[in-house]
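Notes follow the structure.
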Amino acid sequence: MTDEELDALVAAMGQAAKVRLLTGASGWRTHAEPAAGLRALVTSDGPVGVRGESWDERETSLVLPSPTALAAAWDEELAAELGGLLAAEARHKGVDVLLAPTLNLHRTPLGGRHFECYSEDPLLTARIGAAVIRGVQAGGVAATAKHFVANDAETDRLTVDVRVGERALREVYLAPFEAAVEAGVWVVMSAYNRVNGATMSASPLLAEPLKGEWGFDGVVVSDWGAVRTTVETARAAQDLAMPGPGGVWGDALLTAVRTGAVAQSAVDDKVRRLLRLADRVGALGSPAPVWRPVVPEAGRRALLRRAAAAGTVLVRNAGQVLPLDPRGLRTVAVIGPRAAGPRIQGGGSAEVFPASVVSPLEGIRAALGSAVRVLHAPGVPPERRPAPLTRDVSRDPETGEPGFLVSLLDAQGAVLHSEHRLSGRIVEPARVDGAATVEIRTLLRPGTTGEWTLAVGGFGPVSLTAGGRTVVEGVFARDTDDPTHIHVSPPYRSGRIALAAGAETEIVARRGLAPDTGIATILAAAPPPAARAGALADAVAAARAADAVLVVVGTTEETESEGSDRVSLALPDGQDELVRAVAGARPDTVVLVNSGGPVTLPWRDEVAAVLIGWFPGQEAGHAVADILFGRTEPGGRLPTTWPVRQDDVPVLGTTPRDGALRYTEGLHTGYRAWLRGRVEPAYWFGHGLGYTSWEYERLDVPEAVSGDGSFEVRVRVRNTGDREGREVVQLYLAREASAVERPVRWFAGHAAVRARPGGTAEAIVRVSGRALRHWSVTEGCWRVEPGAFTVYAGRSAGDLPLGAEVTVPVAAPMASALRRPGSPGPAAAARPGQARIRASDHSPRTDGRGSDRLRGGTGRLSGA
Ligand code: BGC
């Protein structure tokens with residue numbers, strides 16, 4: 001639809017109808033306006049899969065590798081392909097707007113949603129995010145760049161005021177969003193937090209640079225519940241308040257428009273944007289466009305398997321212990337608490353329900369077949385914290401089927417509705433008029449005798465009985481405003497009771513549906529505490545009896561989830577002790593780490609190999625087997641630096657002081673902070689090994705940049721190993737003597753190449769003009785400092801064998817500036833010989849073939 005047609009639709013709409021459209025109709029839907037030919041738009045989380053409109057474990061979704069894993073593949077094509085898969089899922093579930101990707105940064109490894117963000121580097125985040133957006137939107141589904149901006153930690157996320165300097169904001173935190181707009185994103189989500197005093201749903205940043213300078217023509221949707229004032233947010237460039245109905249817009253906004261407190265033109269602009277979005281996703285006027293699935297049904301699980309392997313990072317491979325030759329194996333030990341129960345995704349609004357999960361144990365068994373014996377030992381005693389009850393130990397008392405009977409009761413306790421459910425965690429019960437209580441009932445078959453911990457999760461009046469005896473009873477007042485705590489993962493209240501192994505006991509959890517207590521009710525349990533020593537001894541014995549040993553360790557639901565930050569980077573539950581005990585018996589031990597973000601690995605030099613598998617999605621186990629037995633290379637490179645010790649991490653804290661979280665490190669984030677502090681991490685940003693080795697032979701850069709300031713770099717690498725392989729060639733820039741503050745060096749682009757044993761490959765990387773520019777705070781524009789920049793090429797931020805110089809001439813056109821709208825910058829009138837720098841020069845291209853004269857450089861410049 002043209003802008004004129006959209007204007008005509010807006011003009012034909014009454015005031016009340018317009019304002020009504022600007023608040024959600026329900027948790028996930030917008031309002032329809034049939035008179036304008038507009039149907040409701042359906043939104044859904046999130047980055048790892050498409051949950052759909054309901055939060056119900058019976059409605060399954062494909063589960064992709066989490067964003068850290070996706071970024072670790074350093075592969076934009078793969079990211080776009082997975083975006084296409086998300087679009088296919090969204091279309092299948094009737095979803096128009098996918099609430100992803102998350103473009104916040106790994107500012108600190110303690111960030112609770114680290115797993116949901118791509119990288120510590122703004123350019124890598126921008127590239128992967130833009131690729132996902134292109135993939136999603138090519139399928140006719142809107143992507144949502146979130147959370148705009150500086151929502152990089154969870155502590156007090158609804159109120160925290162992030163204080164960040166203008167240069168860091170532009171160059172680091174806004175940069176991925178700018179790239180998203182350039183990739184054509186249709187929706188941007190304003191964050192809960194404040195930035196430099198203004199809450200993001202009312203922030204001036206929504207107008208400038210987002211809608212003005214960058215030209216974003218889509219919809220700014222609020223994070224769920226983030227619109228908390230009427231006039232301030234409506235005057236700002238916030239367009240749509242979610243969820244609904246209710247909230248602070250509605251009638252209050254109508255009054256504000258009538259009294260002139262909010263301009264009519266502001267409302268019209270919001271409505272026009274919403275209609276444009278509806279038109280883009282096929283929800284306006286004509287029926288939805290016929291959409292052809294990008295990924296054929298049959299190939300979907302194969303794609304997830306390939307993606308999980310592509311993102312797995314081999315950070316250590318002493319003595320080339322990997323890959324294992326399956327022909328030489330008779331017995332394999334698969335040890336660790338995550339071997340049979342992997343975490344395939346992080347917690348919070350991103351969670352979806354898989355139809356099936358392949359654990360590492362299952363994947364290895366499937367790959368080796370019956371000729372090889374696979375031993376399994378968890379190595380640590382069962383979890384002591386209550387976890388939602390699962391079907392394997394519970395059955396529905398009415399039907400006898402594995403699972404739970406969930407009922408809605410009226411105020412007198414009469415059953416209004418009952419249904420069979422598959423989990424003890426009921427995030428969203430059926431909606432039934434007159435319901436006063438949710439009840440979860442099951443027959444629990446304890447596997448061990450002793451003191452069980454039984455728990456009920458949820459706010460309001462709760463109770464739990466076991467075999468008719470009361471275990472928990474009370475009213476638990478809501479003590480948070482955070483929607484994730486209220487609706488998705490409310491806290492547990494627990495009690496203890498003795499149960500006998502095999503003796504089925506009826507457990508009944510109830511929660512009263514008091515107003516404002518959220519929707520989730522959870523029935524959880526933990527078995528009696530068991531002795532550590534036995535579990536450890538079993539693991540060591542299994543390791544000794546095997547020809548090859550894999551230990552799978554990882555984080556828990558409690559340590560990596562939305563709504564709170566981590567306090568420790570250590571692996572919980574004595575897993576370090578487990579790895580050490582197994583490695584003590586078997587120095588050829590291979591460890592697979594199953595965490596969304598960095599954990600400390602104090603034993604890393606005592607084991608033969610370490611694989612970082614992240615949260616790999618539902619095909620986890622097949623991907624692990626493919627890597628272990630050499631069917632594929634571990635394709636990943638770290639998107640974030642991993643520390644030796646937690647105390648070494650240069651930017652760590654997430655706790656605001658006096659309501660403010662100060663980004664005092666400025667531009668020096670991630671590996672840049674490590675370089676500046678001269679502390680050696682365990683593994684640098686960019687690090688990752690394949691199954692062959694590479695020599696960096698030659699680096700060619702042009703003598704000087706010209707035109708838009710982008711330039712082409714060629715790097716020749718030789719495969720010096722005995723297998724074909726893929727190398728991710730990375731470029732970094734540095735400026736030795738500079739008039740402006742700079743990171744020690746910064747990532748500027750990459751390209752992946754393949755070569756046969758002994759063969760060479762040339763990586764061609766187009767470095768964007770933006771990579772050389774800095775944001776001038778005094779002038780309010782992008783600037784380039786003339787003179788020599790050093791280009792480094794290599795394998796990680798800390799391993800850069802080659803370097804050469806490229807010069808920005810003093811009178812280069814690119815040394816001019818882009819004026820910030822409203823500010824009288826020097827570029828307001830471009831001087832002779834200078835051209836303005838367009839705002840949209842961000843995305844680097846890797847396909848260009850410049851005609852610049854290339855200059856060779858094989859001299860080695862040492863890494864950090
Ligand atoms: C999260 C968003 C999410 C929204 C809807 C919020 O709590 O911060 O990322 O899209 O909920 O589930």
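Scheme for the structure tokens: letters A, B, ... for chains in order shown; per-chain residue numbers from 1; ligand numbers from 1 in order shown.
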
Notebook entry, point to check: Mind checking DSSP for segment 408-568 of chain A and telling me the strand (DSSP E) residues as a PyMOL selection string?
Noted result: chain A and resi 408-409+415-421+425-426+437-444+450-457+460-466+469-476+492-499+505-512+521-526+548-554

Margin query: At a cut-off of 8 Å, using only C-alpha atoms, what residues contact segment 131-145 of chain A? Leave out same-chain residues fewer than 4 positions from it and give the result as a PyMOL selection string.
Written below: chain A and resi 76-77+79-88+90-91+95-103+127+177+180+183-189+277+280-282+289+291-294

Create the file for the chosen residues now, containing N, CA and C atoms and written as a compact mmCIF listing (two decimals), in the first residue's frame.
# COMPACT_ATOMS: atom_id res chain seq x y z
N GLU A 76 26.40 -15.68 8.46
CA GLU A 76 25.17 -14.92 8.20
C GLU A 76 24.17 -15.71 7.36
N GLU A 77 24.69 -16.53 6.46
CA GLU A 77 23.77 -17.32 5.64
C GLU A 77 22.95 -18.28 6.49
N ALA A 79 22.32 -17.91 9.64
CA ALA A 79 21.41 -17.10 10.47
C ALA A 79 20.15 -16.76 9.67
N ALA A 80 20.33 -16.42 8.39
CA ALA A 80 19.17 -16.07 7.57
C ALA A 80 18.31 -17.31 7.32
N GLU A 81 18.97 -18.45 7.13
CA GLU A 81 18.23 -19.70 6.91
C GLU A 81 17.37 -20.03 8.14
N LEU A 82 17.96 -19.84 9.33
CA LEU A 82 17.20 -20.11 10.55
C LEU A 82 16.09 -19.08 10.73
N GLY A 83 16.34 -17.84 10.29
CA GLY A 83 15.27 -16.83 10.28
C GLY A 83 14.11 -17.32 9.43
N GLY A 84 14.43 -17.92 8.28
CA GLY A 84 13.39 -18.47 7.40
C GLY A 84 12.60 -19.57 8.09
N LEU A 85 13.30 -20.37 8.88
CA LEU A 85 12.64 -21.45 9.61
C LEU A 85 11.68 -20.86 10.66
N LEU A 86 12.13 -19.80 11.33
CA LEU A 86 11.26 -19.14 12.31
C LEU A 86 10.02 -18.58 11.62
N ALA A 87 10.21 -18.02 10.43
CA ALA A 87 9.06 -17.48 9.69
C ALA A 87 8.09 -18.61 9.35
N ALA A 88 8.62 -19.76 8.95
CA ALA A 88 7.75 -20.89 8.60
C ALA A 88 6.94 -21.31 9.82
N ALA A 90 6.22 -19.43 12.39
CA ALA A 90 5.29 -18.34 12.72
C ALA A 90 4.04 -18.42 11.84
N ARG A 91 4.25 -18.59 10.56
CA ARG A 91 3.12 -18.68 9.63
C ARG A 91 2.22 -19.86 9.99
N VAL A 95 1.19 -16.55 13.41
CA VAL A 95 1.88 -15.41 14.04
C VAL A 95 2.36 -14.45 12.96
N ASP A 96 2.10 -13.14 13.17
CA ASP A 96 2.51 -12.12 12.21
C ASP A 96 3.79 -11.42 12.62
N VAL A 97 3.98 -11.29 13.94
CA VAL A 97 5.11 -10.51 14.45
C VAL A 97 5.91 -11.39 15.41
N LEU A 98 7.13 -11.69 15.04
CA LEU A 98 7.99 -12.48 15.91
C LEU A 98 8.76 -11.52 16.82
N LEU A 99 8.73 -11.77 18.12
CA LEU A 99 9.39 -10.85 19.06
C LEU A 99 10.87 -11.24 19.21
N ALA A 100 11.61 -11.10 18.15
CA ALA A 100 13.03 -11.43 18.09
C ALA A 100 13.58 -10.78 16.82
N PRO A 101 14.87 -10.50 16.75
CA PRO A 101 15.97 -10.91 17.62
C PRO A 101 16.26 -9.93 18.77
N THR A 102 16.93 -10.46 19.77
CA THR A 102 17.39 -9.66 20.90
C THR A 102 18.78 -9.11 20.53
N LEU A 103 18.88 -7.79 20.47
CA LEU A 103 20.12 -7.17 19.99
C LEU A 103 20.89 -6.47 21.10
N ARG A 127 25.60 -7.97 12.49
CA ARG A 127 25.59 -8.82 11.29
C ARG A 127 24.65 -10.01 11.46
N PHE A 177 21.10 -1.95 16.45
CA PHE A 177 19.75 -1.50 16.09
C PHE A 177 19.78 -0.71 14.78
N ALA A 180 19.87 -3.11 12.16
CA ALA A 180 18.56 -3.77 12.00
C ALA A 180 17.65 -2.89 11.15
N ALA A 183 18.64 -3.16 7.71
CA ALA A 183 18.22 -4.44 7.12
C ALA A 183 16.72 -4.42 6.85
N GLY A 184 16.04 -3.34 7.26
CA GLY A 184 14.63 -3.19 6.94
C GLY A 184 13.69 -3.74 7.99
N VAL A 185 14.12 -3.79 9.25
CA VAL A 185 13.26 -4.39 10.28
C VAL A 185 11.93 -3.63 10.38
N TRP A 186 10.83 -4.39 10.61
CA TRP A 186 9.49 -3.78 10.63
C TRP A 186 9.04 -3.36 12.02
N VAL A 187 9.64 -3.93 13.06
CA VAL A 187 9.22 -3.59 14.43
C VAL A 187 10.46 -3.43 15.31
N VAL A 188 10.42 -2.45 16.20
CA VAL A 188 11.46 -2.28 17.22
C VAL A 188 10.74 -2.27 18.56
N MET A 189 11.30 -2.98 19.55
CA MET A 189 10.67 -3.00 20.88
C MET A 189 11.43 -2.08 21.83
N LEU A 277 2.55 -1.80 8.98
CA LEU A 277 3.01 -3.11 9.44
C LEU A 277 2.00 -4.19 9.03
N ARG A 280 2.33 -5.01 5.53
CA ARG A 280 3.54 -5.81 5.25
C ARG A 280 3.36 -7.29 5.56
N VAL A 281 2.60 -7.58 6.61
CA VAL A 281 2.45 -9.00 6.99
C VAL A 281 1.17 -9.61 6.41
N GLY A 282 0.46 -8.83 5.57
CA GLY A 282 -0.72 -9.38 4.92
C GLY A 282 -1.96 -9.35 5.78
N PRO A 289 -0.45 -12.75 1.69
CA PRO A 289 0.21 -13.27 0.49
C PRO A 289 0.48 -14.76 0.65
N TRP A 291 2.50 -17.76 0.94
CA TRP A 291 3.87 -17.83 1.42
C TRP A 291 4.44 -19.22 1.19
N ARG A 292 5.60 -19.24 0.57
CA ARG A 292 6.23 -20.53 0.29
C ARG A 292 7.27 -20.83 1.36
N PRO A 293 7.18 -21.97 2.05
CA PRO A 293 8.16 -22.24 3.11
C PRO A 293 9.57 -22.25 2.54
N VAL A 294 10.49 -21.59 3.23
CA VAL A 294 11.87 -21.52 2.79
C VAL A 294 12.56 -22.85 3.06

Check: Quick one: residues within 6 Å of ligand 1, with only C-alpha atoms and all ligand atoms, as a list in words?
Finding: Asp45, Leu99, Asp223, Trp224, Ser349, Pro483 and Thr484 of chain A

Next item on the list: Rank nothing, just name the residue among A:Asp161, A:Glu116, A:Glu166, A:Asp239 nearest to His147 of chain A, using only C-alpha atoms.
Entry: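 Selected residue with least distance to His147 of chain A: A:Glu116.
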
Check: Could you pull the residues within 9 Å of Gly424 of chain A, counting only C-alpha atoms, minus those fewer than 5 positions along the same chain, as a PyMOL selection string?
Finding: chain A and resi 387-391+394+403-404+440-442+521-524

Note to self: Give me the residues near segment 246-252 of chain A as a ChimeraX atom specification, where near means some atom within 12 Å (using only C-alpha atoms) and where sequence neighbours in that chain fewer than 5 positions away do not count.
What the structure shows: /A:15-27,31,222,224-235,238-241,257-259,261-262,267

Notebook entry, point to check: By how many Å are atom CA of Val462 of chain A and atom CA of His420 of chain A apart?
Noted result: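 That distance, rounded to one decimal, is 20.8 Å.
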
Next item on the list: Find the residues near His106 of chain A: any atom within 8 Å, counting only C-alpha atoms, skip ones fewer than 2 places away on the same chain, and give them as a PyMOL selection string.
Entry: chain A and resi 104+108-109+111+114+117-121+152+640+670

Any chance you can output those residues with all heavy atoms as an mmCIF file, in the first residue's frame?
data_model
loop_
_atom_site.group_PDB
_atom_site.id
_atom_site.type_symbol
_atom_site.label_atom_id
_atom_site.label_comp_id
_atom_site.auth_asym_id
_atom_site.auth_seq_id
_atom_site.Cartn_x
_atom_site.Cartn_y
_atom_site.Cartn_z
ATOM 1 N N ASN A 104 20.578 -6.784 22.339
ATOM 2 C CA ASN A 104 21.386 -6.227 23.432
ATOM 3 C C ASN A 104 22.714 -6.971 23.469
ATOM 4 O O ASN A 104 22.873 -8.001 22.820
ATOM 5 C CB ASN A 104 20.613 -6.347 24.755
ATOM 6 C CG ASN A 104 19.273 -5.628 24.669
ATOM 7 O OD1 ASN A 104 18.217 -6.240 24.733
ATOM 8 N ND2 ASN A 104 19.326 -4.325 24.464
ATOM 9 N N THR A 108 28.234 -7.937 30.326
ATOM 10 C CA THR A 108 28.854 -8.710 31.398
ATOM 11 C C THR A 108 28.356 -10.152 31.310
ATOM 12 O O THR A 108 27.175 -10.374 31.003
ATOM 13 C CB THR A 108 28.527 -8.135 32.802
ATOM 14 O OG1 THR A 108 28.460 -9.228 33.744
ATOM 15 C CG2 THR A 108 27.212 -7.387 32.835
ATOM 16 N N PRO A 109 29.236 -11.117 31.603
ATOM 17 C CA PRO A 109 28.789 -12.510 31.525
ATOM 18 C C PRO A 109 27.750 -12.854 32.581
ATOM 19 O O PRO A 109 27.128 -13.915 32.502
ATOM 20 C CB PRO A 109 30.077 -13.312 31.739
ATOM 21 C CG PRO A 109 31.043 -12.364 32.367
ATOM 22 C CD PRO A 109 30.657 -10.997 31.918
ATOM 23 N N GLY A 111 25.003 -11.265 32.940
ATOM 24 C CA GLY A 111 23.675 -10.892 32.417
ATOM 25 C C GLY A 111 22.769 -12.110 32.312
ATOM 26 O O GLY A 111 23.120 -13.103 31.683
ATOM 27 N N HIS A 114 21.956 -13.327 28.795
ATOM 28 C CA HIS A 114 23.130 -13.472 27.949
ATOM 29 C C HIS A 114 22.861 -14.474 26.812
ATOM 30 O O HIS A 114 23.177 -14.219 25.654
ATOM 31 C CB HIS A 114 24.251 -13.987 28.860
ATOM 32 C CG HIS A 114 25.613 -13.917 28.296
ATOM 33 N ND1 HIS A 114 26.504 -12.925 28.622
ATOM 34 C CD2 HIS A 114 26.254 -14.732 27.450
ATOM 35 C CE1 HIS A 114 27.640 -13.132 27.998
ATOM 36 N NE2 HIS A 114 27.509 -14.221 27.281
ATOM 37 N N CYS A 117 21.185 -13.094 23.739
ATOM 38 C CA CYS A 117 21.835 -12.056 22.933
ATOM 39 C C CYS A 117 22.973 -12.719 22.161
ATOM 40 O O CYS A 117 23.428 -13.799 22.524
ATOM 41 C CB CYS A 117 22.405 -10.959 23.815
ATOM 42 S SG CYS A 117 21.216 -10.307 24.989
ATOM 43 N N TYR A 118 23.458 -12.029 21.124
ATOM 44 C CA TYR A 118 24.422 -12.694 20.254
ATOM 45 C C TYR A 118 25.869 -12.628 20.733
ATOM 46 O O TYR A 118 26.576 -13.624 20.707
ATOM 47 C CB TYR A 118 24.334 -12.122 18.844
ATOM 48 C CG TYR A 118 23.006 -12.422 18.173
ATOM 49 C CD1 TYR A 118 22.151 -11.408 17.776
ATOM 50 C CD2 TYR A 118 22.615 -13.739 17.958
ATOM 51 C CE1 TYR A 118 20.936 -11.691 17.167
ATOM 52 C CE2 TYR A 118 21.404 -14.027 17.351
ATOM 53 C CZ TYR A 118 20.566 -12.998 16.959
ATOM 54 O OH TYR A 118 19.364 -13.288 16.373
ATOM 55 N N SER A 119 26.314 -11.433 21.121
ATOM 56 C CA SER A 119 27.763 -11.276 21.255
ATOM 57 C C SER A 119 28.117 -10.080 22.129
ATOM 58 O O SER A 119 27.283 -9.230 22.406
ATOM 59 C CB SER A 119 28.350 -11.071 19.850
ATOM 60 O OG SER A 119 29.693 -10.666 19.905
ATOM 61 N N GLU A 120 29.393 -10.016 22.506
ATOM 62 C CA GLU A 120 29.881 -8.832 23.200
ATOM 63 C C GLU A 120 30.270 -7.745 22.196
ATOM 64 O O GLU A 120 30.528 -6.618 22.583
ATOM 65 C CB GLU A 120 31.080 -9.187 24.073
ATOM 66 C CG GLU A 120 32.341 -9.585 23.314
ATOM 67 C CD GLU A 120 33.461 -10.095 24.206
ATOM 68 O OE1 GLU A 120 33.230 -10.328 25.404
ATOM 69 O OE2 GLU A 120 34.577 -10.279 23.694
ATOM 70 N N ASP A 121 30.344 -8.097 20.928
ATOM 71 C CA ASP A 121 30.797 -7.137 19.921
ATOM 72 C C ASP A 121 29.610 -6.571 19.139
ATOM 73 O O ASP A 121 28.770 -7.324 18.653
ATOM 74 C CB ASP A 121 31.763 -7.824 18.949
ATOM 75 C CG ASP A 121 32.296 -6.830 17.944
ATOM 76 O OD1 ASP A 121 33.222 -6.084 18.310
ATOM 77 O OD2 ASP A 121 31.741 -6.749 16.829
ATOM 78 N N ASP A 152 20.954 -4.565 28.958
ATOM 79 C CA ASP A 152 21.996 -5.591 28.885
ATOM 80 C C ASP A 152 22.107 -6.407 30.168
ATOM 81 O O ASP A 152 22.988 -7.257 30.278
ATOM 82 C CB ASP A 152 23.339 -4.926 28.555
ATOM 83 C CG ASP A 152 23.227 -4.000 27.350
ATOM 84 O OD1 ASP A 152 22.928 -4.501 26.260
ATOM 85 O OD2 ASP A 152 23.379 -2.771 27.513
ATOM 86 N N THR A 640 32.049 -14.216 22.441
ATOM 87 C CA THR A 640 32.277 -13.513 23.700
ATOM 88 C C THR A 640 33.502 -14.124 24.383
ATOM 89 O O THR A 640 33.704 -15.335 24.308
ATOM 90 C CB THR A 640 31.020 -13.656 24.588
ATOM 91 O OG1 THR A 640 30.079 -12.673 24.163
ATOM 92 C CG2 THR A 640 31.290 -13.463 26.055
ATOM 93 N N GLY A 670 33.766 -5.885 26.326
ATOM 94 C CA GLY A 670 34.163 -7.218 25.852
ATOM 95 C C GLY A 670 35.675 -7.355 25.749
ATOM 96 O O GLY A 670 36.415 -6.940 26.635
#

Check: Using only C-alpha atoms, which of the listed residues (A:Ile344, A:Ala530, A:Val374, A:Ala788) sits closest to Ser356 of chain A?
Finding: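 That would be A:Ile344, the residue with the smallest distance to Ser356 of chain A.
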
Next item on the list: Name all residues at most 10 Å from Met1 of chain A (count only C-alpha atoms; drop same-chain ones fewer than 6 positions away) and give them as a PyMOL selection string.
Entry: chain A and resi 275-276+279-280+284-285
